[in-house]
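protein.pdb (PDB, C-alpha atoms) appears below.
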```pdb
ATOM      1  CA  MET A  29      18.454   6.799 -19.325
ATOM      2  CA  THR A  30      16.531   9.682 -17.868
ATOM      3  CA  ALA A  31      18.293  11.867 -15.332
ATOM      4  CA  ILE A  32      16.373  13.102 -12.303
ATOM      5  CA  SER A  33      16.264  16.867 -11.949
ATOM      6  CA  ARG A  34      17.823  18.789  -9.125
ATOM      7  CA  SER A  35      15.250  20.406  -6.832
ATOM      8  CA  ALA A  36      15.041  24.188  -7.090
ATOM      9  CA  GLY A  37      17.068  25.787  -4.307
ATOM     10  CA  SER A  38      18.128  22.411  -2.986
ATOM     11  CA  HIS A  39      21.226  21.883  -0.894
ATOM     12  CA  PRO A  40      22.499  18.318  -1.064
ATOM     13  CA  VAL A  41      23.492  16.828   2.273
ATOM     14  CA  PRO A  42      27.298  16.593   2.456
ATOM     15  CA  VAL A  43      28.432  12.994   2.212
ATOM     16  CA  ILE A  44      30.071  11.781   5.403
ATOM     17  CA  GLU A  45      32.353   8.944   4.500
ATOM     18  CA  THR A  46      30.987   5.543   5.345
ATOM     19  CA  ASP A  47      34.145   4.611   7.194
ATOM     20  CA  ASP A  48      33.654   7.647   9.420
ATOM     21  CA  TRP A  49      30.159   6.560  10.417
ATOM     22  CA  VAL A  50      31.127   2.957  11.110
ATOM     23  CA  ALA A  51      34.293   3.937  12.960
ATOM     24  CA  ARG A  52      32.561   6.579  15.036
ATOM     25  CA  LEU A  53      29.700   4.244  15.938
ATOM     26  CA  SER A  54      32.082   1.409  16.791
ATOM     27  CA  THR A  55      34.631   3.260  18.927
ATOM     28  CA  PRO A  56      33.659   3.931  22.556
ATOM     29  CA  GLY A  57      33.980   7.511  23.736
ATOM     30  CA  PRO A  58      32.521  10.969  23.195
ATOM     31  CA  GLY A  59      32.784  10.556  19.415
ATOM     32  CA  ARG A  60      30.459   7.558  19.572
ATOM     33  CA  ASP A  61      27.947   9.418  21.714
ATOM     34  CA  ALA A  62      27.830  12.235  19.183
ATOM     35  CA  ALA A  63      27.510   9.790  16.310
ATOM     36  CA  LEU A  64      24.629   8.027  18.050
ATOM     37  CA  ARG A  65      22.820  11.346  18.469
ATOM     38  CA  GLU A  66      23.348  12.191  14.803
ATOM     39  CA  LEU A  67      22.194   8.752  13.770
ATOM     40  CA  HIS A  68      19.059   9.003  15.885
ATOM     41  CA  ALA A  69      18.261  12.345  14.278
ATOM     42  CA  LEU A  70      18.575  10.733  10.833
ATOM     43  CA  LEU A  71      16.289   7.883  11.861
ATOM     44  CA  LEU A  72      13.726  10.280  13.313
ATOM     45  CA  ARG A  73      13.676  12.186  10.049
ATOM     46  CA  ALA A  74      13.129   8.990   8.050
ATOM     47  CA  ALA A  75      10.443   7.667  10.410
ATOM     48  CA  ARG A  76       8.617  10.985  10.374
ATOM     49  CA  HIS A  77       8.748  11.045   6.581
ATOM     50  CA  GLN A  78       7.270   7.543   6.345
ATOM     51  CA  VAL A  79       4.509   8.291   8.847
ATOM     52  CA  SER A  80       3.666  11.571   7.102
ATOM     53  CA  ARG A  81       3.067   9.630   3.877
ATOM     54  CA  MET A  82       0.573   7.380   5.655
ATOM     55  CA  THR A  83      -1.402  10.024   7.547
ATOM     56  CA  ALA A  84      -4.687   8.819   6.094
ATOM     57  CA  LEU A  85      -4.198   5.605   8.064
ATOM     58  CA  VAL A  86      -3.420   7.246  11.397
ATOM     59  CA  SER A  87      -5.134  10.657  11.296
ATOM     60  CA  ALA A  88      -7.627   9.571  13.966
ATOM     61  CA  LEU A  89      -4.821   8.899  16.448
ATOM     62  CA  GLY A  90      -3.937  12.540  17.076
ATOM     63  CA  ALA A  91      -0.634  14.387  16.863
ATOM     64  CA  GLU A  92       0.704  13.194  20.217
ATOM     65  CA  ARG A  93       0.205   9.491  19.476
ATOM     66  CA  ILE A  94       1.609   9.922  15.981
ATOM     67  CA  ASP A  95       4.683  11.531  17.485
ATOM     68  CA  GLU A  96       5.030   8.550  19.801
ATOM     69  CA  ILE A  97       4.902   6.214  16.798
ATOM     70  CA  VAL A  98       7.652   8.217  15.090
ATOM     71  CA  ASN A  99       9.893   8.153  18.160
ATOM     72  CA  GLN A 100       9.249   4.493  18.916
ATOM     73  CA  SER A 101      10.024   3.563  15.298
ATOM     74  CA  ALA A 102      13.268   5.525  15.360
ATOM     75  CA  ASP A 103      14.297   3.899  18.638
ATOM     76  CA  GLU A 104      13.566   0.393  17.349
ATOM     77  CA  ALA A 105      15.351   1.137  14.091
ATOM     78  CA  MET A 106      18.399   2.337  16.028
ATOM     79  CA  VAL A 107      18.607  -0.969  17.923
ATOM     80  CA  ALA A 108      18.132  -2.990  14.720
ATOM     81  CA  LEU A 109      20.715  -0.952  12.819
ATOM     82  CA  LEU A 110      23.382  -1.153  15.513
ATOM     83  CA  GLY A 111      22.860  -4.905  15.646
ATOM     84  CA  LYS A 112      23.644  -5.086  11.931
ATOM     85  CA  LEU A 113      26.369  -2.440  11.772
ATOM     86  CA  SER A 114      29.047  -5.033  11.102
ATOM     87  CA  THR A 115      27.155  -6.205   7.995
ATOM     88  CA  PHE A 116      27.227  -2.798   6.295
ATOM     89  CA  GLU A 117      29.412  -3.171   3.220
ATOM     90  CA  GLY A 118      29.366   0.367   1.882
ATOM     91  CA  ARG A 119      27.400  -0.520  -1.265
ATOM     92  CA  SER A 120      25.249   2.571  -0.704
ATOM     93  CA  ARG A 121      25.647   5.721   1.284
ATOM     94  CA  PHE A 122      25.508   4.998   4.992
ATOM     95  CA  THR A 123      22.587   7.402   5.343
ATOM     96  CA  THR A 124      20.509   5.566   2.720
ATOM     97  CA  TRP A 125      21.307   2.266   4.421
ATOM     98  CA  ALA A 126      20.310   3.746   7.790
ATOM     99  CA  TYR A 127      17.057   5.293   6.563
ATOM    100  CA  LYS A 128      15.683   1.952   5.468
ATOM    101  CA  PHE A 129      15.584   0.648   9.033
ATOM    102  CA  ALA A 130      13.477   3.599  10.192
ATOM    103  CA  VAL A 131      11.249   3.458   7.124
ATOM    104  CA  LEU A 132      10.522  -0.238   7.696
ATOM    105  CA  HIS A 133       9.795   0.125  11.399
ATOM    106  CA  ALA A 134       7.600   3.199  10.890
ATOM    107  CA  ALA A 135       5.596   1.652   8.040
ATOM    108  CA  VAL A 136       4.980  -1.551   9.962
ATOM    109  CA  GLU A 137       3.957   0.385  13.061
ATOM    110  CA  VAL A 138       1.521   2.614  11.154
ATOM    111  CA  ARG A 139      -0.087  -0.374   9.432
ATOM    112  CA  ARG A 140      -0.372  -2.126  12.790
ATOM    113  CA  HIS A 141      -2.192   0.843  14.322
ATOM    114  CA  ALA A 142      -4.433   1.221  11.293
ATOM    115  CA  TRP A 143      -5.593  -2.391  11.576
ATOM    116  CA  VAL A 144      -6.070  -2.590  15.332
ATOM    117  CA  GLY A 145      -9.576  -3.889  16.008
ATOM    118  CA  ARG A 146     -10.294  -4.647  12.346
ATOM    119  CA  GLU A 147     -11.340  -8.167  11.561
ATOM    120  CA  ILE A 148      -9.698  -9.943   8.648
ATOM    121  CA  ALA A 149     -11.971 -12.529   7.087
ATOM    122  CA  LEU A 150     -10.166 -15.207   5.095
ATOM    123  CA  GLU A 151     -12.373 -15.795   2.094
ATOM    124  CA  GLN A 152     -12.278 -18.151  -0.837
ATOM    125  CA  SER A 153     -14.344 -16.817  -3.707
ATOM    126  CA  VAL A 154     -14.170 -14.020  -6.249
ATOM    127  CA  GLU A 155     -16.355 -12.944  -9.121
ATOM    128  CA  PRO A 156     -15.459 -11.710 -12.610
ATOM    129  CA  TRP A 157     -15.214  -8.019 -13.328
ATOM    130  CA  SER A 158     -18.682  -6.753 -14.109
ATOM    131  CA  SER A 159     -18.058  -3.832 -16.476
ATOM    132  CA  GLY A 160     -15.514  -2.928 -19.147
ATOM    133  CA  PRO A 161     -13.750   0.390 -19.679
ATOM    134  CA  THR A 162     -15.315   0.645 -23.130
ATOM    135  CA  PRO A 163     -17.761  -1.555 -25.009
ATOM    136  CA  GLU A 164     -14.908  -2.638 -27.295
ATOM    137  CA  ASP A 165     -12.810  -3.763 -24.359
ATOM    138  CA  TYR A 166     -15.608  -5.539 -22.560
ATOM    139  CA  SER A 167     -15.562  -8.890 -24.258
ATOM    140  CA  GLU A 168     -11.822  -9.523 -23.915
ATOM    141  CA  ALA A 169     -11.666  -8.132 -20.390
ATOM    142  CA  ALA A 170     -14.670 -10.116 -19.256
ATOM    143  CA  ALA A 171     -13.228 -13.311 -20.719
ATOM    144  CA  LEU A 172      -9.899 -12.780 -18.945
ATOM    145  CA  SER A 173     -11.629 -11.936 -15.712
ATOM    146  CA  ALA A 174     -13.776 -15.063 -15.911
ATOM    147  CA  ALA A 175     -10.702 -17.173 -16.701
ATOM    148  CA  ILE A 176      -8.882 -15.798 -13.668
ATOM    149  CA  THR A 177     -11.873 -16.490 -11.455
ATOM    150  CA  THR A 178     -11.930 -20.092 -12.685
ATOM    151  CA  ALA A 179      -8.176 -20.413 -12.214
ATOM    152  CA  ILE A 180      -8.392 -19.113  -8.646
ATOM    153  CA  ASP A 181     -11.076 -21.708  -7.923
ATOM    154  CA  THR A 182      -9.329 -24.627  -9.589
ATOM    155  CA  VAL A 183      -5.536 -24.309  -9.474
ATOM    156  CA  LEU A 184      -4.917 -22.633  -6.123
ATOM    157  CA  THR A 185      -4.896 -24.432  -2.801
ATOM    158  CA  MET A 186      -7.298 -23.191  -0.137
ATOM    159  CA  HIS A 187      -4.404 -21.502   1.684
ATOM    160  CA  GLN A 188      -3.224 -19.792  -1.513
ATOM    161  CA  ARG A 189      -6.786 -18.597  -2.267
ATOM    162  CA  GLN A 190      -7.163 -17.115   1.197
ATOM    163  CA  ILE A 191      -3.849 -15.269   1.058
ATOM    164  CA  VAL A 192      -4.337 -14.077  -2.528
ATOM    165  CA  ILE A 193      -7.825 -12.736  -1.830
ATOM    166  CA  ALA A 194      -6.802 -11.024   1.416
ATOM    167  CA  VAL A 195      -3.594  -9.382   0.147
ATOM    168  CA  LEU A 196      -4.134  -8.852  -3.585
ATOM    169  CA  ILE A 197      -7.884  -8.227  -3.692
ATOM    170  CA  ASP A 198      -8.899  -6.962  -0.245
ATOM    171  CA  ASP A 199      -5.702  -4.911   0.313
ATOM    172  CA  VAL A 200      -4.817  -6.391   3.692
ATOM    173  CA  PRO A 201      -1.153  -5.432   4.299
ATOM    174  CA  ILE A 202       1.076  -8.478   4.049
ATOM    175  CA  ASP A 203       2.796  -7.826   7.386
ATOM    176  CA  ILE A 204      -0.535  -7.436   9.199
ATOM    177  CA  LEU A 205      -1.854 -10.685   7.776
ATOM    178  CA  ALA A 206       1.401 -12.431   8.660
ATOM    179  CA  GLU A 207       1.097 -11.210  12.235
ATOM    180  CA  ARG A 208      -2.526 -12.370  12.542
ATOM    181  CA  LEU A 209      -1.691 -15.800  11.120
ATOM    182  CA  GLY A 210       1.472 -16.263  13.168
ATOM    183  CA  SER A 211       3.408 -16.352   9.901
ATOM    184  CA  SER A 212       6.021 -14.081   8.336
ATOM    185  CA  ARG A 213       6.115 -11.536   5.535
ATOM    186  CA  ASN A 214       8.557 -13.802   3.670
ATOM    187  CA  ALA A 215       6.320 -16.856   3.970
ATOM    188  CA  LEU A 216       3.218 -15.033   2.738
ATOM    189  CA  TYR A 217       5.096 -13.453  -0.163
ATOM    190  CA  LYS A 218       6.276 -16.948  -1.155
ATOM    191  CA  THR A 219       2.633 -18.044  -1.109
ATOM    192  CA  LEU A 220       1.757 -15.126  -3.421
ATOM    193  CA  HIS A 221       4.724 -15.970  -5.655
ATOM    194  CA  ASP A 222       3.642 -19.607  -6.037
ATOM    195  CA  ALA A 223       0.002 -18.621  -6.538
ATOM    196  CA  ARG A 224       0.918 -16.169  -9.296
ATOM    197  CA  ASP A 225       2.994 -18.885 -10.943
ATOM    198  CA  ALA A 226       0.035 -21.255 -10.870
ATOM    199  CA  LEU A 227      -2.424 -18.625 -12.129
ATOM    200  CA  ARG A 228      -0.114 -17.555 -14.956
ATOM    201  CA  ALA A 229       0.538 -21.155 -16.025
ATOM    202  CA  GLN A 230      -3.194 -21.838 -16.170
ATOM    203  CA  LEU A 231      -3.959 -18.630 -18.083
ATOM    204  CA  ILE A 232      -1.168 -19.391 -20.561
ATOM    205  CA  ALA A 233      -2.523 -22.934 -20.993
ATOM    206  CA  THR A 234      -6.025 -21.609 -21.702
ATOM    207  CA  GLY A 235      -4.734 -18.971 -24.113
ATOM    208  CA  HIS A 236      -5.717 -15.966 -21.989
ATOM    209  CA  LEU A 237      -2.125 -14.889 -21.383
ATOM    210  CA  SER A 238       1.039 -15.236 -23.413
ATOM    211  CA  SER A 239       4.237 -16.258 -21.681
ATOM    212  CA  ALA A 240       5.762 -12.967 -22.824
ATOM    213  CA  GLN A 241       3.137 -10.897 -21.012
ATOM    214  CA  SER A 242       4.231  -9.592 -17.635
ATOM    215  CA  THR A 243       0.679  -8.800 -16.549
ATOM    216  CA  GLY A 244      -2.644  -9.901 -17.874
ATOM    217  CA  TRP A 245      -4.977  -7.114 -18.887
ATOM    218  CA  PRO A 246      -5.912  -6.126 -22.419
ATOM    219  CA  ARG A 247      -4.340  -2.869 -23.528
TER     220      ARG A 247
ATOM    221  CA  MET B  11     -15.209 -18.760   7.163
ATOM    222  CA  THR B  12     -17.423 -16.311   5.276
ATOM    223  CA  GLU B  13     -18.330 -16.453   1.617
ATOM    224  CA  HIS B  14     -18.124 -12.986   0.125
ATOM    225  CA  ARG B  15     -18.044 -12.151  -3.565
ATOM    226  CA  HIS B  16     -15.149  -9.969  -4.777
ATOM    227  CA  ASN B  17     -14.931  -8.034  -7.995
ATOM    228  CA  LEU B  18     -11.883  -8.447 -10.251
ATOM    229  CA  THR B  19     -11.087  -4.924 -11.393
ATOM    230  CA  PRO B  20      -8.328  -4.274 -13.959
ATOM    231  CA  ASP B  21      -5.933  -3.256 -11.200
ATOM    232  CA  VAL B  22      -6.629  -6.451  -9.254
ATOM    233  CA  VAL B  23      -6.078  -8.519 -12.400
ATOM    234  CA  ARG B  24      -2.655  -6.915 -12.836
ATOM    235  CA  ARG B  25      -1.760  -7.689  -9.219
ATOM    236  CA  LEU B  26      -2.852 -11.299  -9.635
ATOM    237  CA  THR B  27      -0.994 -11.930 -12.856
ATOM    238  CA  VAL B  28       2.220  -9.913 -12.566
ATOM    239  CA  ASP B  29       5.234 -12.076 -13.380
ATOM    240  CA  PRO B  30       6.868 -12.807  -9.998
ATOM    241  CA  HIS B  31      10.228 -13.912 -11.423
ATOM    242  CA  PRO B  32      13.086 -13.771 -10.612
ATOM    243  CA  TRP B  33      12.270 -14.778  -7.036
ATOM    244  CA  LEU B  34      13.311 -12.501  -4.193
ATOM    245  CA  SER B  35      12.065 -12.604  -0.596
ATOM    246  CA  CYS B  36      10.950  -9.541   1.370
ATOM    247  CA  ASP B  37      14.019  -9.920   3.619
ATOM    248  CA  ASP B  38      16.349  -9.977   0.619
ATOM    249  CA  CYS B  39      14.503  -6.986  -0.828
ATOM    250  CA  PHE B  40      15.193  -5.118   2.420
ATOM    251  CA  GLY B  41      18.846  -6.083   2.158
ATOM    252  CA  LEU B  42      19.188  -4.638  -1.336
ATOM    253  CA  ILE B  43      16.753  -1.740  -1.332
ATOM    254  CA  ASP B  44      19.336   0.948  -0.505
ATOM    255  CA  GLN B  45      21.498  -0.127  -3.452
ATOM    256  CA  TYR B  46      18.477  -0.258  -5.724
ATOM    257  CA  VAL B  47      17.219   3.262  -4.991
ATOM    258  CA  GLU B  48      20.715   4.684  -5.409
ATOM    259  CA  LEU B  49      21.029   2.893  -8.745
ATOM    260  CA  LEU B  50      17.779   4.511  -9.891
ATOM    261  CA  LEU B  51      18.896   7.920  -8.638
ATOM    262  CA  ASP B  52      22.309   7.642 -10.276
ATOM    263  CA  GLU B  53      21.278   6.144 -13.584
ATOM    264  CA  GLY B  54      17.510   6.541 -14.027
ATOM    265  CA  PRO B  55      14.649   4.007 -14.244
ATOM    266  CA  GLY B  56      16.233   2.032 -17.077
ATOM    267  CA  ALA B  57      18.925   0.849 -14.678
ATOM    268  CA  ALA B  58      16.303  -1.260 -12.890
ATOM    269  CA  GLN B  59      16.962  -3.932 -15.511
ATOM    270  CA  ARG B  60      20.302  -4.563 -13.816
ATOM    271  CA  MET B  61      18.477  -5.735 -10.677
ATOM    272  CA  PRO B  62      15.566  -7.695 -12.192
ATOM    273  CA  ALA B  63      14.689  -9.553  -8.997
ATOM    274  CA  MET B  64      14.277  -6.253  -7.147
ATOM    275  CA  ARG B  65      12.148  -4.855  -9.937
ATOM    276  CA  ALA B  66       9.913  -7.938  -9.950
ATOM    277  CA  HIS B  67       9.586  -7.959  -6.178
ATOM    278  CA  LEU B  68       8.609  -4.294  -5.990
ATOM    279  CA  ALA B  69       6.048  -4.803  -8.754
ATOM    280  CA  GLY B  70       4.494  -7.619  -6.753
ATOM    281  CA  CYS B  71       4.811  -6.555  -3.102
ATOM    282  CA  ALA B  72       2.841  -3.453  -2.094
ATOM    283  CA  ALA B  73       4.413  -3.163   1.364
ATOM    284  CA  CYS B  74       8.005  -3.276   0.084
ATOM    285  CA  ARG B  75       7.077  -0.855  -2.702
ATOM    286  CA  GLU B  76       5.580   1.609  -0.236
ATOM    287  CA  GLU B  77       8.792   1.541   1.812
ATOM    288  CA  ALA B  78      10.968   1.813  -1.301
ATOM    289  CA  GLN B  79       9.113   4.949  -2.375
ATOM    290  CA  THR B  80       9.896   6.653   0.928
ATOM    291  CA  LEU B  81      13.531   5.579   0.859
ATOM    292  CA  LEU B  82      13.869   6.874  -2.677
ATOM    293  CA  ALA B  83      12.370  10.234  -1.692
ATOM    294  CA  LEU B  84      14.731  10.554   1.285
ATOM    295  CA  ALA B  85      17.818   9.594  -0.717
ATOM    296  CA  ALA B  86      16.797  11.941  -3.529
ATOM    297  CA  SER B  87      16.348  14.783  -1.080
ATOM    298  CA  ASP B  88      19.842  14.175   0.350
ATOM    299  CA  ARG B  89      21.262  14.518  -3.152
ATOM    300  CA  GLY B  90      19.292  17.662  -3.901
ATOM    301  CA  LEU B  91      17.196  15.787  -6.451
ATOM    302  CA  ASP B  92      13.481  16.201  -6.998
ATOM    303  CA  PRO B  93      11.787  13.530  -4.774
ATOM    304  CA  ASP B  94       8.603  13.488  -6.879
ATOM    305  CA  GLU B  95      10.584  12.899 -10.034
ATOM    306  CA  ALA B  96      12.581  10.176  -8.291
ATOM    307  CA  GLU B  97       9.386   8.408  -7.248
ATOM    308  CA  SER B  98       8.156   8.589 -10.817
ATOM    309  CA  ALA B  99      11.369   6.818 -11.802
ATOM    310  CA  LEU B 100      10.547   3.990  -9.407
ATOM    311  CA  ALA B 101       7.004   3.728 -10.752
ATOM    312  CA  ALA B 102       8.346   3.720 -14.305
ATOM    313  CA  SER B 103      10.808   0.955 -13.516
ATOM    314  CA  ALA B 104       7.994  -1.206 -12.123
ATOM    315  CA  SER B 105       5.515  -0.425 -14.878
ATOM    316  CA  GLU B 106       7.992  -1.584 -17.489
ATOM    317  CA  LEU B 107       6.989  -5.062 -16.356
ATOM    318  CA  GLY B 108       3.598  -4.450 -17.889
ATOM    319  CA  LYS B 109       4.857  -3.295 -21.248
ATOM    320  CA  ASN B 110       5.674  -6.644 -22.787
TER     321      ASN B 110
END
```
In structure tokens, what does this structure look like?
Amino acid sequence: MTAISRSAGSHPVPVIETDDWVARLSTPGPGRDAALRELHALLLRAARHQVSRMTALVSALGAERIDEIVNQSADEAMVALLGKLSTFEGRSRFTTWAYKFAVLHAAVEVRRHAWVGREIALEQSVEPWSSGPTPEDYSEAAALSAAITTAIDTVLTMHQRQIVIAVLIDDVPIDILAERLGSSRNALYKTLHDARDALRAQLIATGHLSSAQSTGWPR
Amino acid sequence: MTEHRHNLTPDVVRRLTVDPHPWLSCDDCFGLIDQYVELLLDEGPGAAQRMPAMRAHLAGCAACREEAQTLLALAASDRGLDPDEAESALAASASELGKN
């Protein structure tokens, strides 16, 4: 296994025992107030980090609006986390567990802003890849691409085709599509899961993919 | 309903055909993601094999993967580890799915 290097000049954050966090956040009094402030600072840091990684999607919003997104995400994450505090089992550091709430809320919020006013067309057709990386690759790649196109047309339901094309080909974020369709991220991922199963089974049956292959592209 | 022609690039083909098993929902991925990133940080990308459903889900779900990358960078930073190197570990753990 490959170890990950320590950053130059880094200072690891001291580990505060999980029990301390949970106890402090669960016991009314000045200790809880301080813990809530510390927790909010952690969530702000995580939300800001997530938003900073997605600046290309929100750069047109301006610094003030972006700051609002960060703060709103941290606030929402705080509510969600405190509602689930009793479920924390200490299988990771408390801080890592806490960050994920802010990361989720910030990512969803940024994607939502990025897609405001953008139409999502649910389409049903694709076409094979039109050029190969090298002449030698072309024939095999073109055959696989054509087989996938046929499989999409023949083995997927209309709903599966629409979701597959939107999420996997047109790069519509799964949570945005779920929101527009009145569905859920879980439900759409299950649709993708079943569609991939059907596509893989068809490609294996036609000899374009072996069951041992995790993805289908000639190497 | 519009009819628009889409091009199947190599990257799109990988997304369409990645093995989605073992099954894991996005909610369950969220429930386990903190353990998964700490496993990678503690033991390196090879340890992803111990949570195969997480590895498969992150290879197949762009939104969960995007959030996992940030969480990994934050947790790495807390430990004084190189965040870029940690993210490479996550990418390596997912790309192993394409090496069969």
Dig up all the protein and nucleic acid residues within 10 Å of (18.6, 13.6, 9.5) in the file frame, using only C-alpha atoms, and format them as a compact mmCIF listing (two decimals) with C-alpha atoms, keeping the file's coordinate frame.
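What ended up in selection32.txt:
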```
# COMPACT_ATOMS: atom_id res chain seq x y z
CA VAL A 41 23.49 16.83 2.27
CA GLU A 66 23.35 12.19 14.80
CA LEU A 67 22.19 8.75 13.77
CA HIS A 68 19.06 9.00 15.88
CA ALA A 69 18.26 12.34 14.28
CA LEU A 70 18.58 10.73 10.83
CA LEU A 71 16.29 7.88 11.86
CA LEU A 72 13.73 10.28 13.31
CA ARG A 73 13.68 12.19 10.05
CA ALA A 74 13.13 8.99 8.05
CA THR A 123 22.59 7.40 5.34
CA TYR A 127 17.06 5.29 6.56
CA LEU B 84 14.73 10.55 1.28
CA ASP B 88 19.84 14.18 0.35
```
Closest atom pairs, residues of chain B within 8 Å of chain A, all atoms listed in the file, as JSON lines:
```
{"residue": "B:Met11", "atom": "CA", "partner": "A:Leu150", "partner_atom": "CA", "distance": 6.5}
{"residue": "B:Thr12", "atom": "CA", "partner": "A:Glu151", "partner_atom": "CA", "distance": 6.0}
{"residue": "B:Glu13", "atom": "CA", "partner": "A:Glu151", "partner_atom": "CA", "distance": 6.0}
{"residue": "B:His14", "atom": "CA", "partner": "A:Ser153", "partner_atom": "CA", "distance": 6.6}
{"residue": "B:Arg15", "atom": "CA", "partner": "A:Val154", "partner_atom": "CA", "distance": 5.1}
{"residue": "B:His16", "atom": "CA", "partner": "A:Val154", "partner_atom": "CA", "distance": 4.4}
{"residue": "B:Asn17", "atom": "CA", "partner": "A:Glu155", "partner_atom": "CA", "distance": 5.2}
{"residue": "B:Leu18", "atom": "CA", "partner": "A:Trp157", "partner_atom": "CA", "distance": 4.6}
{"residue": "B:Thr19", "atom": "CA", "partner": "A:Trp157", "partner_atom": "CA", "distance": 5.5}
{"residue": "B:Pro20", "atom": "CA", "partner": "A:Trp245", "partner_atom": "CA", "distance": 6.6}
{"residue": "B:Val22", "atom": "CA", "partner": "A:Ile197", "partner_atom": "CA", "distance": 6.0}
{"residue": "B:Val23", "atom": "CA", "partner": "A:Gly244", "partner_atom": "CA", "distance": 6.6}
{"residue": "B:Arg24", "atom": "CA", "partner": "A:Thr243", "partner_atom": "CA", "distance": 5.3}
{"residue": "B:Arg25", "atom": "CA", "partner": "A:Leu196", "partner_atom": "CA", "distance": 6.2}
{"residue": "B:Leu26", "atom": "CA", "partner": "A:Arg224", "partner_atom": "CA", "distance": 6.2}
{"residue": "B:Thr27", "atom": "CA", "partner": "A:Thr243", "partner_atom": "CA", "distance": 5.1}
{"residue": "B:Val28", "atom": "CA", "partner": "A:Thr243", "partner_atom": "CA", "distance": 4.4}
{"residue": "B:Asp29", "atom": "CA", "partner": "A:Ser242", "partner_atom": "CA", "distance": 5.0}
{"residue": "B:Pro30", "atom": "CA", "partner": "A:His221", "partner_atom": "CA", "distance": 5.8}
{"residue": "B:Trp33", "atom": "CA", "partner": "A:His221", "partner_atom": "CA", "distance": 7.8}
{"residue": "B:Ser35", "atom": "CA", "partner": "A:Asn214", "partner_atom": "CA", "distance": 5.7}
{"residue": "B:Cys36", "atom": "CA", "partner": "A:Asn214", "partner_atom": "CA", "distance": 5.4}
{"residue": "B:Asp37", "atom": "CA", "partner": "A:Asn214", "partner_atom": "CA", "distance": 6.7}
{"residue": "B:Phe40", "atom": "CA", "partner": "A:Lys128", "partner_atom": "CA", "distance": 7.7}
{"residue": "B:Ile43", "atom": "CA", "partner": "A:Lys128", "partner_atom": "CA", "distance": 7.8}
{"residue": "B:Asp44", "atom": "CA", "partner": "A:Trp125", "partner_atom": "CA", "distance": 5.5}
{"residue": "B:Gln45", "atom": "CA", "partner": "A:Ser120", "partner_atom": "CA", "distance": 5.4}
{"residue": "B:Glu48", "atom": "CA", "partner": "A:Ser120", "partner_atom": "CA", "distance": 6.9}
{"residue": "B:Leu51", "atom": "CA", "partner": "A:Ile32", "partner_atom": "CA", "distance": 6.8}
{"residue": "B:Asp52", "atom": "CA", "partner": "A:Ala31", "partner_atom": "CA", "distance": 7.7}
{"residue": "B:Glu53", "atom": "CA", "partner": "A:Met29", "partner_atom": "CA", "distance": 6.4}
{"residue": "B:Gly54", "atom": "CA", "partner": "A:Thr30", "partner_atom": "CA", "distance": 5.1}
{"residue": "B:Pro55", "atom": "CA", "partner": "A:Met29", "partner_atom": "CA", "distance": 6.9}
{"residue": "B:Gly56", "atom": "CA", "partner": "A:Met29", "partner_atom": "CA", "distance": 5.7}
{"residue": "B:Ala57", "atom": "CA", "partner": "A:Met29", "partner_atom": "CA", "distance": 7.6}
{"residue": "B:Cys71", "atom": "CA", "partner": "A:Tyr217", "partner_atom": "CA", "distance": 7.5}
{"residue": "B:Ala72", "atom": "CA", "partner": "A:Pro201", "partner_atom": "CA", "distance": 7.8}
{"residue": "B:Ala73", "atom": "CA", "partner": "A:Pro201", "partner_atom": "CA", "distance": 6.7}
{"residue": "B:Glu77", "atom": "CA", "partner": "A:Val131", "partner_atom": "CA", "distance": 6.2}
{"residue": "B:Thr80", "atom": "CA", "partner": "A:Gln78", "partner_atom": "CA", "distance": 6.1}
{"residue": "B:Leu81", "atom": "CA", "partner": "A:Lys128", "partner_atom": "CA", "distance": 6.2}
{"residue": "B:Leu84", "atom": "CA", "partner": "A:Ala74", "partner_atom": "CA", "distance": 7.1}
{"residue": "B:Ala85", "atom": "CA", "partner": "A:Thr124", "partner_atom": "CA", "distance": 5.9}
{"residue": "B:Ser87", "atom": "CA", "partner": "A:Pro40", "partner_atom": "CA", "distance": 7.1}
{"residue": "B:Asp88", "atom": "CA", "partner": "A:Val41", "partner_atom": "CA", "distance": 4.9}
{"residue": "B:Arg89", "atom": "CA", "partner": "A:Pro40", "partner_atom": "CA", "distance": 4.5}
{"residue": "B:Gly90", "atom": "CA", "partner": "A:Pro40", "partner_atom": "CA", "distance": 4.3}
{"residue": "B:Leu91", "atom": "CA", "partner": "A:Arg34", "partner_atom": "CA", "distance": 4.1}
{"residue": "B:Asp92", "atom": "CA", "partner": "A:Ser35", "partner_atom": "CA", "distance": 4.6}
{"residue": "B:Pro93", "atom": "CA", "partner": "A:Ser35", "partner_atom": "CA", "distance": 8.0}
{"residue": "B:Glu95", "atom": "CA", "partner": "A:Ile32", "partner_atom": "CA", "distance": 6.2}
{"residue": "B:Ala96", "atom": "CA", "partner": "A:Ile32", "partner_atom": "CA", "distance": 6.2}
{"residue": "B:Leu107", "atom": "CA", "partner": "A:Ser242", "partner_atom": "CA", "distance": 5.5}
{"residue": "B:Gly108", "atom": "CA", "partner": "A:Ser242", "partner_atom": "CA", "distance": 5.2}
{"residue": "B:Lys109", "atom": "CA", "partner": "A:Ser242", "partner_atom": "CA", "distance": 7.3}
{"residue": "B:Asn110", "atom": "CA", "partner": "A:Gln241", "partner_atom": "CA", "distance": 5.3}
```
(message) Need to verify the contact set: Ser114 of chain A, 12 Å, only C-alpha atoms, exclusion of same-chain residues closer than 6 positions in sequence. Can you return it as a PyMOL selection string?
(response) chain A and resi 47+49-51+53-54+108
Selected residues written out with C-alpha atoms, as a short mmCIF file (atom, residue, chain, number, x, y, z; two decimals), in the coordinates of the input:
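Saved result, again-v4.cif, follows:
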```
data_model
loop_
_atom_site.label_atom_id
_atom_site.label_comp_id
_atom_site.auth_asym_id
_atom_site.auth_seq_id
_atom_site.Cartn_x
_atom_site.Cartn_y
_atom_site.Cartn_z
CA ASP A 47 34.15 4.61 7.19
CA TRP A 49 30.16 6.56 10.42
CA VAL A 50 31.13 2.96 11.11
CA ALA A 51 34.29 3.94 12.96
CA LEU A 53 29.70 4.24 15.94
CA SER A 54 32.08 1.41 16.79
CA ALA A 108 18.13 -2.99 14.72
#
```
